[in-house]
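Colleague: Sharing protein-v2.cif, mmCIF, N, CA and C atoms:
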data_run
loop_
_atom_site.group_PDB
_atom_site.id
_atom_site.type_symbol
_atom_site.label_atom_id
_atom_site.label_comp_id
_atom_site.auth_asym_id
_atom_site.auth_seq_id
_atom_site.Cartn_x
_atom_site.Cartn_y
_atom_site.Cartn_z
ATOM 1 N N MET S 1 -60.607 -29.606 24.948
ATOM 2 C CA MET S 1 -61.510 -30.113 23.940
ATOM 3 C C MET S 1 -60.867 -30.033 22.546
ATOM 4 N N VAL S 2 -60.210 -28.909 22.261
ATOM 5 C CA VAL S 2 -59.572 -28.736 20.954
ATOM 6 C C VAL S 2 -58.415 -29.721 20.803
ATOM 7 N N LYS S 3 -57.629 -29.905 21.875
ATOM 8 C CA LYS S 3 -56.507 -30.836 21.816
ATOM 9 C C LYS S 3 -57.007 -32.265 21.587
ATOM 10 N N ALA S 4 -58.090 -32.635 22.245
ATOM 11 C CA ALA S 4 -58.654 -33.975 22.064
ATOM 12 C C ALA S 4 -59.128 -34.160 20.628
ATOM 13 N N LEU S 5 -59.723 -33.121 20.047
ATOM 14 C CA LEU S 5 -60.188 -33.188 18.669
ATOM 15 C C LEU S 5 -59.011 -33.311 17.705
ATOM 16 N N ASN S 6 -57.944 -32.540 17.950
ATOM 17 C CA ASN S 6 -56.749 -32.633 17.110
ATOM 18 C C ASN S 6 -56.121 -34.023 17.213
ATOM 19 N N ASN S 7 -56.085 -34.574 18.441
ATOM 20 C CA ASN S 7 -55.529 -35.904 18.652
ATOM 21 C C ASN S 7 -56.354 -36.946 17.900
ATOM 22 N N PHE S 8 -57.683 -36.798 17.937
ATOM 23 C CA PHE S 8 -58.557 -37.711 17.204
ATOM 24 C C PHE S 8 -58.301 -37.609 15.703
ATOM 25 N N ASN S 9 -58.175 -36.390 15.209
ATOM 26 C CA ASN S 9 -57.904 -36.186 13.783
ATOM 27 C C ASN S 9 -56.566 -36.804 13.375
ATOM 28 N N GLU S 10 -55.555 -36.675 14.242
ATOM 29 C CA GLU S 10 -54.256 -37.284 13.951
ATOM 30 C C GLU S 10 -54.370 -38.794 13.899
ATOM 31 N N LYS S 11 -55.096 -39.379 14.843
ATOM 32 C CA LYS S 11 -55.273 -40.832 14.846
ATOM 33 C C LYS S 11 -55.986 -41.291 13.581
ATOM 34 N N LYS S 12 -56.941 -40.515 13.143
ATOM 35 C CA LYS S 12 -57.664 -40.835 11.918
ATOM 36 C C LYS S 12 -56.712 -40.777 10.711
ATOM 37 N N LEU S 13 -55.863 -39.762 10.667
ATOM 38 C CA LEU S 13 -54.887 -39.639 9.584
ATOM 39 C C LEU S 13 -53.901 -40.811 9.605
ATOM 40 N N VAL S 14 -53.421 -41.161 10.794
ATOM 41 C CA VAL S 14 -52.487 -42.288 10.923
ATOM 42 C C VAL S 14 -53.162 -43.571 10.456
ATOM 43 N N TYR S 15 -54.411 -43.761 10.831
ATOM 44 C CA TYR S 15 -55.169 -44.936 10.390
ATOM 45 C C TYR S 15 -55.232 -44.994 8.864
ATOM 46 N N ARG S 16 -55.542 -43.862 8.240
ATOM 47 C CA ARG S 16 -55.636 -43.813 6.784
ATOM 48 C C ARG S 16 -54.298 -44.147 6.119
ATOM 49 N N VAL S 17 -53.208 -43.697 6.732
ATOM 50 C CA VAL S 17 -51.884 -43.998 6.179
ATOM 51 C C VAL S 17 -51.584 -45.482 6.350
ATOM 52 N N ARG S 18 -51.827 -46.017 7.534
ATOM 53 C CA ARG S 18 -51.495 -47.411 7.810
ATOM 54 C C ARG S 18 -52.329 -48.384 6.988
ATOM 55 N N VAL S 19 -53.619 -48.140 6.903
ATOM 56 C CA VAL S 19 -54.512 -49.094 6.260
ATOM 57 C C VAL S 19 -54.580 -48.898 4.748
ATOM 58 N N HIS S 20 -54.653 -47.658 4.316
ATOM 59 C CA HIS S 20 -54.864 -47.377 2.902
ATOM 60 C C HIS S 20 -53.635 -46.806 2.188
ATOM 61 N N LYS S 21 -52.543 -46.618 2.943
ATOM 62 C CA LYS S 21 -51.337 -45.975 2.381
ATOM 63 C C LYS S 21 -51.714 -44.658 1.703
ATOM 64 N N ASP S 22 -52.516 -43.883 2.396
ATOM 65 C CA ASP S 22 -53.093 -42.636 1.890
ATOM 66 C C ASP S 22 -52.043 -41.522 1.930
ATOM 67 N N THR S 23 -51.586 -41.102 0.756
ATOM 68 C CA THR S 23 -50.552 -40.071 0.683
ATOM 69 C C THR S 23 -51.091 -38.697 1.085
ATOM 70 N N GLU S 24 -52.369 -38.449 0.855
ATOM 71 C CA GLU S 24 -52.953 -37.170 1.268
ATOM 72 C C GLU S 24 -52.986 -37.058 2.789
ATOM 73 N N ALA S 25 -53.330 -38.133 3.456
ATOM 74 C CA ALA S 25 -53.340 -38.137 4.917
ATOM 75 C C ALA S 25 -51.927 -37.909 5.446
ATOM 76 N N PHE S 26 -50.945 -38.568 4.824
ATOM 77 C CA PHE S 26 -49.559 -38.366 5.251
ATOM 78 C C PHE S 26 -49.124 -36.930 4.979
ATOM 79 N N GLY S 27 -49.590 -36.367 3.874
ATOM 80 C CA GLY S 27 -49.288 -34.972 3.565
ATOM 81 C C GLY S 27 -49.808 -34.028 4.639
ATOM 82 N N GLU S 28 -50.987 -34.322 5.179
ATOM 83 C CA GLU S 28 -51.525 -33.497 6.267
ATOM 84 C C GLU S 28 -50.670 -33.624 7.521
ATOM 85 N N LEU S 29 -50.239 -34.838 7.834
ATOM 86 C CA LEU S 29 -49.351 -35.028 8.985
ATOM 87 C C LEU S 29 -48.021 -34.308 8.752
ATOM 88 N N TYR S 30 -47.515 -34.395 7.533
ATOM 89 C CA TYR S 30 -46.281 -33.708 7.162
ATOM 90 C C TYR S 30 -46.428 -32.206 7.392
ATOM 91 N N ASP S 31 -47.522 -31.637 6.898
ATOM 92 C CA ASP S 31 -47.745 -30.197 7.050
ATOM 93 C C ASP S 31 -47.807 -29.783 8.520
ATOM 94 N N ARG S 32 -48.369 -30.629 9.352
ATOM 95 C CA ARG S 32 -48.477 -30.313 10.782
ATOM 96 C C ARG S 32 -47.127 -30.349 11.491
ATOM 97 N N TYR S 33 -46.224 -31.221 11.027
ATOM 98 C CA TYR S 33 -45.001 -31.469 11.796
ATOM 99 C C TYR S 33 -43.697 -31.041 11.135
ATOM 100 N N VAL S 34 -43.688 -30.701 9.875
ATOM 101 C CA VAL S 34 -42.422 -30.447 9.195
ATOM 102 C C VAL S 34 -41.643 -29.300 9.841
ATOM 103 N N SER S 35 -42.304 -28.210 10.185
ATOM 104 C CA SER S 35 -41.563 -27.092 10.775
ATOM 105 C C SER S 35 -41.076 -27.436 12.183
ATOM 106 N N LYS S 36 -41.847 -28.205 12.919
ATOM 107 C CA LYS S 36 -41.434 -28.604 14.273
ATOM 108 C C LYS S 36 -40.220 -29.533 14.228
ATOM 109 N N ILE S 37 -40.256 -30.498 13.315
ATOM 110 C CA ILE S 37 -39.140 -31.443 13.206
ATOM 111 C C ILE S 37 -37.898 -30.740 12.660
ATOM 112 N N TYR S 38 -38.093 -29.849 11.693
ATOM 113 C CA TYR S 38 -36.952 -29.093 11.174
ATOM 114 C C TYR S 38 -36.305 -28.276 12.288
ATOM 115 N N ARG S 39 -37.113 -27.569 13.060
ATOM 116 C CA ARG S 39 -36.595 -26.759 14.160
ATOM 117 C C ARG S 39 -35.849 -27.632 15.174
ATOM 118 N N PHE S 40 -36.430 -28.788 15.493
ATOM 119 C CA PHE S 40 -35.811 -29.728 16.430
ATOM 120 C C PHE S 40 -34.437 -30.178 15.932
ATOM 121 N N THR S 41 -34.354 -30.537 14.647
ATOM 122 C CA THR S 41 -33.072 -30.999 14.118
ATOM 123 C C THR S 41 -32.079 -29.852 13.940
ATOM 124 N N TYR S 42 -32.577 -28.698 13.529
ATOM 125 C CA TYR S 42 -31.685 -27.560 13.323
ATOM 126 C C TYR S 42 -31.019 -27.146 14.632
ATOM 127 N N LEU S 43 -31.749 -27.200 15.730
ATOM 128 C CA LEU S 43 -31.165 -26.845 17.027
ATOM 129 C C LEU S 43 -30.038 -27.790 17.427
ATOM 130 N N LYS S 44 -30.070 -29.005 16.885
ATOM 131 C CA LYS S 44 -29.032 -29.988 17.226
ATOM 132 C C LYS S 44 -27.824 -29.909 16.291
ATOM 133 N N VAL S 45 -28.048 -29.622 15.004
ATOM 134 C CA VAL S 45 -26.939 -29.660 14.048
ATOM 135 C C VAL S 45 -26.454 -28.285 13.623
ATOM 136 N N SER S 46 -27.275 -27.265 13.731
ATOM 137 C CA SER S 46 -26.929 -25.873 13.421
ATOM 138 C C SER S 46 -26.484 -25.613 11.981
ATOM 139 N N HIS S 47 -26.853 -26.479 11.071
ATOM 140 C CA HIS S 47 -26.573 -26.270 9.654
ATOM 141 C C HIS S 47 -27.862 -26.514 8.882
ATOM 142 N N LYS S 48 -28.235 -25.536 8.090
ATOM 143 C CA LYS S 48 -29.513 -25.577 7.375
ATOM 144 C C LYS S 48 -29.655 -26.825 6.499
ATOM 145 N N GLU S 49 -28.644 -27.087 5.659
ATOM 146 C CA GLU S 49 -28.724 -28.196 4.721
ATOM 147 C C GLU S 49 -28.795 -29.539 5.443
ATOM 148 N N GLU S 50 -27.998 -29.696 6.498
ATOM 149 C CA GLU S 50 -28.026 -30.951 7.258
ATOM 150 C C GLU S 50 -29.362 -31.137 7.955
ATOM 151 N N ALA S 51 -29.900 -30.072 8.511
ATOM 152 C CA ALA S 51 -31.207 -30.148 9.169
ATOM 153 C C ALA S 51 -32.297 -30.506 8.160
ATOM 154 N N GLU S 52 -32.215 -29.960 6.956
ATOM 155 C CA GLU S 52 -33.186 -30.298 5.904
ATOM 156 C C GLU S 52 -33.077 -31.760 5.512
ATOM 157 N N ASP S 53 -31.842 -32.251 5.362
ATOM 158 C CA ASP S 53 -31.642 -33.660 5.000
ATOM 159 C C ASP S 53 -32.173 -34.596 6.086
ATOM 160 N N ILE S 54 -31.885 -34.282 7.324
ATOM 161 C CA ILE S 54 -32.343 -35.122 8.428
ATOM 162 C C ILE S 54 -33.864 -35.089 8.524
ATOM 163 N N THR S 55 -34.450 -33.910 8.353
ATOM 164 C CA THR S 55 -35.907 -33.784 8.395
ATOM 165 C C THR S 55 -36.546 -34.626 7.299
ATOM 166 N N SER S 56 -35.988 -34.562 6.114
ATOM 167 C CA SER S 56 -36.484 -35.377 5.011
ATOM 168 C C SER S 56 -36.391 -36.864 5.344
ATOM 169 N N ASP S 57 -35.275 -37.255 5.900
ATOM 170 C CA ASP S 57 -35.052 -38.646 6.292
ATOM 171 C C ASP S 57 -36.063 -39.086 7.352
ATOM 172 N N VAL S 58 -36.369 -38.204 8.289
ATOM 173 C CA VAL S 58 -37.336 -38.517 9.349
ATOM 174 C C VAL S 58 -38.700 -38.837 8.750
ATOM 175 N N PHE S 59 -39.137 -38.029 7.795
ATOM 176 C CA PHE S 59 -40.450 -38.265 7.207
ATOM 177 C C PHE S 59 -40.465 -39.511 6.323
ATOM 178 N N LEU S 60 -39.370 -39.797 5.654
ATOM 179 C CA LEU S 60 -39.280 -41.024 4.874
ATOM 180 C C LEU S 60 -39.352 -42.244 5.797
ATOM 181 N N LYS S 61 -38.605 -42.214 6.881
ATOM 182 C CA LYS S 61 -38.632 -43.320 7.845
ATOM 183 C C LYS S 61 -40.007 -43.467 8.486
ATOM 184 N N THR S 62 -40.665 -42.346 8.744
ATOM 185 C CA THR S 62 -42.000 -42.387 9.336
ATOM 186 C C THR S 62 -42.979 -43.041 8.371
ATOM 187 N N TRP S 63 -42.927 -42.649 7.100
ATOM 188 C CA TRP S 63 -43.793 -43.262 6.086
ATOM 189 C C TRP S 63 -43.550 -44.774 6.026
ATOM 190 N N ASN S 64 -42.275 -45.166 5.978
ATOM 191 C CA ASN S 64 -41.939 -46.590 5.911
ATOM 192 C C ASN S 64 -42.423 -47.336 7.148
ATOM 193 N N TYR S 65 -42.283 -46.719 8.301
ATOM 194 C CA TYR S 65 -42.739 -47.347 9.538
ATOM 195 C C TYR S 65 -44.252 -47.554 9.510
ATOM 196 N N LEU S 66 -44.977 -46.528 9.102
ATOM 197 C CA LEU S 66 -46.436 -46.607 9.111
ATOM 198 C C LEU S 66 -46.982 -47.563 8.059
ATOM 199 N N THR S 67 -46.319 -47.689 6.939
ATOM 200 C CA THR S 67 -46.848 -48.512 5.856
ATOM 201 C C THR S 67 -46.264 -49.920 5.819
ATOM 202 N N ASP S 68 -45.385 -50.241 6.744
ATOM 203 C CA ASP S 68 -44.801 -51.578 6.813
ATOM 204 C C ASP S 68 -45.897 -52.584 7.174
ATOM 205 N N VAL S 69 -46.142 -53.517 6.285
ATOM 206 C CA VAL S 69 -47.232 -54.483 6.464
ATOM 207 C C VAL S 69 -47.037 -55.303 7.734
ATOM 208 N N GLN S 70 -45.822 -55.620 8.084
ATOM 209 C CA GLN S 70 -45.573 -56.432 9.272
ATOM 210 C C GLN S 70 -45.947 -55.697 10.551
ATOM 211 N N ARG S 71 -45.948 -54.367 10.515
ATOM 212 C CA ARG S 71 -46.299 -53.588 11.700
ATOM 213 C C ARG S 71 -47.808 -53.516 11.920
ATOM 214 N N GLU S 72 -48.594 -53.974 10.948
ATOM 215 C CA GLU S 72 -50.048 -53.946 11.086
ATOM 216 C C GLU S 72 -50.474 -54.660 12.363
ATOM 217 N N ALA S 73 -49.745 -55.713 12.717
ATOM 218 C CA ALA S 73 -50.108 -56.487 13.906
ATOM 219 C C ALA S 73 -49.628 -55.820 15.199
ATOM 220 N N ASP S 74 -48.726 -54.849 15.070
ATOM 221 C CA ASP S 74 -48.231 -54.145 16.259
ATOM 222 C C ASP S 74 -49.363 -53.388 16.925
ATOM 223 N N LYS S 75 -49.113 -53.007 18.169
ATOM 224 C CA LYS S 75 -50.163 -52.260 18.848
ATOM 225 C C LYS S 75 -50.343 -50.864 18.265
ATOM 226 N N GLU S 76 -51.451 -50.288 18.611
ATOM 227 C CA GLU S 76 -51.850 -48.983 18.092
ATOM 228 C C GLU S 76 -50.828 -47.894 18.423
ATOM 229 N N ILE S 77 -50.656 -46.975 17.500
ATOM 230 C CA ILE S 77 -49.800 -45.818 17.743
ATOM 231 C C ILE S 77 -50.635 -44.805 18.513
ATOM 232 N N LYS S 78 -50.282 -44.600 19.762
ATOM 233 C CA LYS S 78 -51.080 -43.718 20.609
ATOM 234 C C LYS S 78 -50.771 -42.253 20.379
ATOM 235 N N SER S 79 -49.555 -41.963 19.956
ATOM 236 C CA SER S 79 -49.162 -40.572 19.762
ATOM 237 C C SER S 79 -48.275 -40.462 18.530
ATOM 238 N N PHE S 80 -48.792 -39.827 17.491
ATOM 239 C CA PHE S 80 -47.981 -39.626 16.295
ATOM 240 C C PHE S 80 -46.790 -38.730 16.608
ATOM 241 N N SER S 81 -47.018 -37.709 17.423
ATOM 242 C CA SER S 81 -45.906 -36.817 17.751
ATOM 243 C C SER S 81 -44.808 -37.574 18.501
ATOM 244 N N GLY S 82 -45.193 -38.467 19.381
ATOM 245 C CA GLY S 82 -44.196 -39.285 20.074
ATOM 246 C C GLY S 82 -43.412 -40.145 19.110
ATOM 247 N N LEU S 83 -44.105 -40.721 18.138
ATOM 248 C CA LEU S 83 -43.453 -41.552 17.136
ATOM 249 C C LEU S 83 -42.469 -40.747 16.299
ATOM 250 N N ILE S 84 -42.913 -39.613 15.789
ATOM 251 C CA ILE S 84 -42.058 -38.867 14.870
ATOM 252 C C ILE S 84 -40.854 -38.240 15.594
ATOM 253 N N TYR S 85 -41.039 -37.815 16.842
ATOM 254 C CA TYR S 85 -39.900 -37.286 17.586
ATOM 255 C C TYR S 85 -38.916 -38.394 17.961
ATOM 256 N N THR S 86 -39.405 -39.587 18.206
ATOM 257 C CA THR S 86 -38.514 -40.720 18.465
ATOM 258 C C THR S 86 -37.689 -41.026 17.223
ATOM 259 N N ILE S 87 -38.336 -41.020 16.074
ATOM 260 C CA ILE S 87 -37.617 -41.245 14.814
ATOM 261 C C ILE S 87 -36.618 -40.119 14.566
ATOM 262 N N ALA S 88 -36.986 -38.891 14.886
ATOM 263 C CA ALA S 88 -36.072 -37.752 14.710
ATOM 264 C C ALA S 88 -34.849 -37.896 15.615
ATOM 265 N N ARG S 89 -35.063 -38.264 16.873
ATOM 266 C CA ARG S 89 -33.928 -38.457 17.785
ATOM 267 C C ARG S 89 -33.002 -39.557 17.285
ATOM 268 N N THR S 90 -33.578 -40.658 16.824
ATOM 269 C CA THR S 90 -32.779 -41.763 16.309
ATOM 270 C C THR S 90 -32.000 -41.336 15.059
ATOM 271 N N SER S 91 -32.632 -40.554 14.206
ATOM 272 C CA SER S 91 -31.951 -40.063 13.004
ATOM 273 C C SER S 91 -30.796 -39.141 13.366
ATOM 274 N N LEU S 92 -30.977 -38.328 14.385
ATOM 275 C CA LEU S 92 -29.889 -37.458 14.841
ATOM 276 C C LEU S 92 -28.735 -38.284 15.405
ATOM 277 N N VAL S 93 -29.040 -39.306 16.170
ATOM 278 C CA VAL S 93 -27.990 -40.183 16.702
ATOM 279 C C VAL S 93 -27.226 -40.826 15.549
ATOM 280 N N ASP S 94 -27.951 -41.327 14.551
ATOM 281 C CA ASP S 94 -27.304 -41.917 13.378
ATOM 282 C C ASP S 94 -26.419 -40.912 12.663
ATOM 283 N N PHE S 95 -26.906 -39.667 12.546
ATOM 284 C CA PHE S 95 -26.140 -38.612 11.879
ATOM 285 C C PHE S 95 -24.831 -38.350 12.621
ATOM 286 N N PHE S 96 -24.890 -38.204 13.952
ATOM 287 C CA PHE S 96 -23.679 -37.925 14.711
ATOM 288 C C PHE S 96 -22.731 -39.119 14.738
ATOM 289 N N ARG S 97 -23.255 -40.310 14.738
ATOM 290 C CA ARG S 97 -22.394 -41.492 14.675
ATOM 291 C C ARG S 97 -21.662 -41.566 13.347
ATOM 292 N N SER S 98 -22.337 -41.211 12.278
ATOM 293 C CA SER S 98 -21.703 -41.278 10.963
ATOM 294 C C SER S 98 -20.586 -40.246 10.819
ATOM 295 N N ARG S 99 -20.676 -39.169 11.570
ATOM 296 C CA ARG S 99 -19.648 -38.133 11.497
ATOM 297 C C ARG S 99 -18.468 -38.414 12.406
ATOM 298 N N ALA S 100 -18.662 -39.292 13.385
ATOM 299 C CA ALA S 100 -17.599 -39.561 14.377
ATOM 300 C C ALA S 100 -16.497 -40.419 13.794
#
Could you express the structure from this file as C-alpha cells?
Modeller:
Amino acid sequence: MVKALNNFNEKKLVYRVRVHKDTEAFGELYDRYVSKIYRFTYLKVSHKEEAEDITSDVFLKTWNYLTDVQREADKEIKSFSGLIYTIARTSLVDFFRSRA
C-alpha cells in the first residue's frame, strides 16, 4: 500500500514537471533520487568528483527529457526510477567512451 502511494506521488510529481515545468516537483524527485544515483555512479567510477559530475548530468538530462515539448505526445512514463536509472546508465556509457 505504501509503495503504491509513493508510486502515485511520483507520477503526480512527474506530471507536474512535464505539464507545468514545476521546479519544486522536480526538486522533490531530485531529493528522492540524488543519493541513489550518486551511489550508483560512484560504484562504477570510484572517484567522488566524477560521480558528482555524472550525477549532475543525469538530473540535467532528466529535466530536459521531461520538459521537452515534443515528448508530450510520447506515452506515459510508467516508472520514474526506470527512466532515471536508464539515463544514468547511458551517462556512464558516454563517460567511459569519452575516456577511451
Colleague: Show me, as a tab-separated table, the residues of range 39-72 of chain S having an atom within 7 Å of range 7-26 of chain S, each with the closest atom pair and its distance in Å, using only N, CA and C atoms.
Modeller:
residue	atom	partner	partner_atom	distance
S:Leu66	C	S:Arg18	CA	4.5
S:Thr67	CA	S:Arg18	CA	5.2
S:Asp68	N	S:Arg18	CA	6.8
Colleague: One number please: CA of Asp57 in chain S to CA of Ser91 in chain S, in Å, one decimal.
Modeller: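 CA of Ser91 in chain S lies at a distance of 7.5 Å from CA of Asp57 in chain S.
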Colleague: Pick the closest to Lys61 in chain S from S:Thr86, S:Ser35, S:Ser79, S:Asn6: which is it, counting only C-alpha atoms?
Modeller: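 Once distances to Lys61 in chain S are computed over only C-alpha atoms, the minimum belongs to S:Thr86.
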Colleague: Which one of S:Glu76, S:Thr90, S:Arg97, S:Thr55 sits closest to Lys36 in chain S if you count only C-alpha atoms?
Modeller: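 Nearest candidate to Lys36 in chain S out of S:Glu76, S:Thr90, S:Arg97, S:Thr55: S:Thr55.
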Colleague: So the first atom is atom C of Glu50 in chain S and the second is atom N of Ile77 in chain S; what is the distance between them in Å, to one decimal place?
Modeller: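 We find that atom C of Glu50 in chain S and atom N of Ile77 in chain S lie 28.2 Å from each other.
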Colleague: Given the file shown, enumerate the residues that the PyMOL selection byres (((chain S and resi 92 and name CA) around 10) and name CA) captures and present them as a PyMOL selection string.
Modeller: chain S and resi 40-41+44-45+51+54-55+58+86-91+93-98
Colleague: How many Å lie between CA of Phe59 in chain S and CA of Tyr30 in chain S, rounded to one decimal?
Modeller: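 That distance, rounded to one decimal, is 7.4 Å.
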Colleague: What are the DSSP alpha helix (DSSP H) residues of chain S, as a PyMOL selection string?
Modeller: chain S and resi 2-20+23-45+48-67+80-99
Colleague: Starting from 4 Å padding per side, set up an axis-aligned box that covers all listed atoms of range 77-82 of chain S and hand over centre and edge lengths in Å, one decimal, as JSON.
Modeller:
{"center_x": -47.2, "center_y": -41.9, "center_z": 18.5, "size_x": 15.7, "size_y": 18.2, "size_z": 12.3}
